[in-house]
Amino acid sequence: MKKPLIATCLSLMFVFVPFFDNPTDINTAHAEKANPSHAKWGRIAMKKTAEKYPSAKIYDYLHVKRVQRGNYSIETFKLWLDENNNKFEVIVNISFDTKSEKITNVSLQRDSNS
């Protein structure tokens, strides 16, 4: 008679104990995505490209690299544009003071291969 009672107690324990340890809203918790460190510079690259090529549509972009030289950094981006079904690429280099993040130069170069 003791074995069925013990089995029943163990069964109930396995059914209800997991609910005591887990928060009830576990399925609704979402971690916020952090912006990559180059996101600010990517927005600037797209803005400057749109200013230079106002009739072109930017349909994709890629963060290529970040190079630090002394107190200055250079963020490099590659943007793909479409202007009247003519697709081309633009390389954008943004030079800035690493500490203050003050921009010293923005250069745009249209890829000659596209």
# chains A, B, ... in the order shown; residues from 1 in each chain; ligands from 1
call {"tool": "residues_around", "arguments": {"residues": "Ala56 (chain A)", "least_positions_apart": "3", "cutoff": "10 Å", "atoms": "only C-alpha atoms", "output": "ChimeraX atom specification"}}
result
/A:49-53,59,80-88
call {"tool": "select_by_dssp", "arguments": {"residues": "region 36-98 of chain A", "states": "strand (DSSP E or B)", "output": "ChimeraX atom specification"}}
result
/A:57-69,72-83,86-97
call {"tool": "write_last_selection", "arguments": {"atoms": "N, CA, C and O atoms", "output": "compact mmCIF listing (two decimals), in the first residue's frame"}}
result
# COMPACT_ATOMS: atom_id res chain seq x y z
N LYS A 57 18.66 54.80 -55.20
CA LYS A 57 18.12 54.12 -54.03
C LYS A 57 19.20 53.22 -53.44
O LYS A 57 19.81 52.43 -54.16
N ILE A 58 19.47 53.37 -52.14
CA ILE A 58 20.41 52.48 -51.45
C ILE A 58 19.65 51.21 -51.10
O ILE A 58 18.67 51.26 -50.36
N TYR A 59 20.07 50.09 -51.67
CA TYR A 59 19.33 48.86 -51.39
C TYR A 59 20.08 47.90 -50.48
O TYR A 59 19.52 46.91 -50.02
N ASP A 60 21.34 48.19 -50.18
CA ASP A 60 22.08 47.35 -49.23
C ASP A 60 23.35 48.07 -48.82
O ASP A 60 23.82 48.96 -49.52
N TYR A 61 23.88 47.67 -47.66
CA TYR A 61 25.17 48.20 -47.26
C TYR A 61 25.88 47.21 -46.36
O TYR A 61 25.26 46.33 -45.78
N LEU A 62 27.20 47.37 -46.27
CA LEU A 62 28.03 46.46 -45.50
C LEU A 62 29.07 47.26 -44.74
O LEU A 62 29.71 48.16 -45.31
N HIS A 63 29.23 46.95 -43.47
CA HIS A 63 30.34 47.53 -42.70
C HIS A 63 31.57 46.71 -43.05
O HIS A 63 31.63 45.51 -42.80
N VAL A 64 32.55 47.33 -43.67
CA VAL A 64 33.74 46.62 -44.14
C VAL A 64 34.76 46.46 -43.02
O VAL A 64 35.21 45.35 -42.73
N LYS A 65 35.12 47.59 -42.38
CA LYS A 65 36.13 47.50 -41.32
C LYS A 65 36.22 48.82 -40.57
O LYS A 65 35.69 49.85 -41.00
N ARG A 66 36.92 48.73 -39.44
CA ARG A 66 37.30 49.92 -38.66
C ARG A 66 38.80 49.84 -38.45
O ARG A 66 39.31 48.82 -38.00
N VAL A 67 39.48 50.93 -38.77
CA VAL A 67 40.92 51.00 -38.59
C VAL A 67 41.21 52.15 -37.63
O VAL A 67 40.65 53.23 -37.79
N GLN A 68 42.05 51.89 -36.64
CA GLN A 68 42.42 52.94 -35.71
C GLN A 68 43.88 53.30 -35.95
O GLN A 68 44.76 52.42 -35.98
N ARG A 69 44.13 54.59 -36.12
CA ARG A 69 45.48 55.11 -36.33
C ARG A 69 45.72 56.23 -35.32
O ARG A 69 45.25 57.35 -35.52
N TYR A 72 42.91 58.69 -34.17
CA TYR A 72 41.86 58.74 -35.17
C TYR A 72 41.44 57.34 -35.60
O TYR A 72 42.22 56.40 -35.57
N SER A 73 40.18 57.24 -36.00
CA SER A 73 39.64 55.99 -36.52
C SER A 73 39.02 56.24 -37.88
O SER A 73 38.59 57.36 -38.18
N ILE A 74 38.97 55.18 -38.68
CA ILE A 74 38.32 55.25 -39.99
C ILE A 74 37.35 54.08 -40.09
O ILE A 74 37.75 52.93 -39.95
N GLU A 75 36.08 54.40 -40.30
CA GLU A 75 35.05 53.38 -40.55
C GLU A 75 34.84 53.32 -42.05
O GLU A 75 34.67 54.34 -42.70
N THR A 76 34.85 52.10 -42.59
CA THR A 76 34.66 51.91 -44.03
C THR A 76 33.39 51.11 -44.28
O THR A 76 33.17 50.07 -43.65
N PHE A 77 32.59 51.61 -45.22
CA PHE A 77 31.33 50.97 -45.60
C PHE A 77 31.28 50.80 -47.11
O PHE A 77 31.85 51.59 -47.85
N LYS A 78 30.56 49.78 -47.54
CA LYS A 78 30.29 49.57 -48.96
C LYS A 78 28.77 49.61 -49.11
O LYS A 78 28.05 48.89 -48.43
N LEU A 79 28.31 50.50 -50.00
CA LEU A 79 26.88 50.64 -50.24
C LEU A 79 26.56 50.26 -51.67
O LEU A 79 27.33 50.56 -52.58
N TRP A 80 25.44 49.59 -51.85
CA TRP A 80 24.96 49.21 -53.18
C TRP A 80 23.78 50.10 -53.51
O TRP A 80 22.83 50.21 -52.73
N LEU A 81 23.87 50.74 -54.68
CA LEU A 81 22.84 51.68 -55.11
C LEU A 81 22.24 51.26 -56.45
O LEU A 81 22.89 50.56 -57.23
N ASP A 82 21.02 51.73 -56.66
CA ASP A 82 20.33 51.49 -57.93
C ASP A 82 19.75 52.82 -58.38
O ASP A 82 18.96 53.44 -57.68
N GLU A 83 20.19 53.25 -59.57
CA GLU A 83 19.69 54.50 -60.14
C GLU A 83 19.22 54.22 -61.56
O GLU A 83 20.02 53.95 -62.45
N ASN A 86 20.44 51.08 -63.06
CA ASN A 86 21.89 51.06 -63.16
C ASN A 86 22.43 50.85 -61.74
O ASN A 86 22.37 51.75 -60.91
N LYS A 87 22.93 49.65 -61.48
CA LYS A 87 23.42 49.32 -60.14
C LYS A 87 24.91 49.61 -60.05
O LYS A 87 25.67 49.33 -60.97
N PHE A 88 25.29 50.22 -58.91
CA PHE A 88 26.70 50.52 -58.69
C PHE A 88 26.99 50.50 -57.19
O PHE A 88 26.07 50.48 -56.36
N GLU A 89 28.28 50.50 -56.87
CA GLU A 89 28.72 50.45 -55.48
C GLU A 89 29.47 51.73 -55.13
O GLU A 89 30.13 52.32 -55.98
N VAL A 90 29.34 52.11 -53.88
CA VAL A 90 30.05 53.28 -53.37
C VAL A 90 30.77 52.86 -52.08
O VAL A 90 30.17 52.23 -51.22
N ILE A 91 32.06 53.23 -52.00
CA ILE A 91 32.83 53.00 -50.79
C ILE A 91 32.86 54.31 -50.01
O ILE A 91 33.20 55.36 -50.56
N VAL A 92 32.50 54.24 -48.73
CA VAL A 92 32.47 55.43 -47.88
C VAL A 92 33.46 55.23 -46.74
O VAL A 92 33.42 54.21 -46.04
N ASN A 93 34.36 56.19 -46.58
CA ASN A 93 35.29 56.21 -45.47
C ASN A 93 34.98 57.40 -44.59
O ASN A 93 34.93 58.54 -45.07
N ILE A 94 34.77 57.14 -43.31
CA ILE A 94 34.48 58.21 -42.35
C ILE A 94 35.64 58.25 -41.36
O ILE A 94 35.86 57.30 -40.61
N SER A 95 36.38 59.37 -41.38
CA SER A 95 37.49 59.58 -40.45
C SER A 95 37.00 60.44 -39.29
O SER A 95 36.31 61.43 -39.50
N PHE A 96 37.40 60.06 -38.07
CA PHE A 96 36.94 60.81 -36.91
C PHE A 96 37.92 60.63 -35.74
O PHE A 96 38.69 59.67 -35.70
N ASP A 97 37.86 61.59 -34.82
CA ASP A 97 38.64 61.51 -33.59
C ASP A 97 38.01 60.41 -32.73
O ASP A 97 36.81 60.43 -32.46
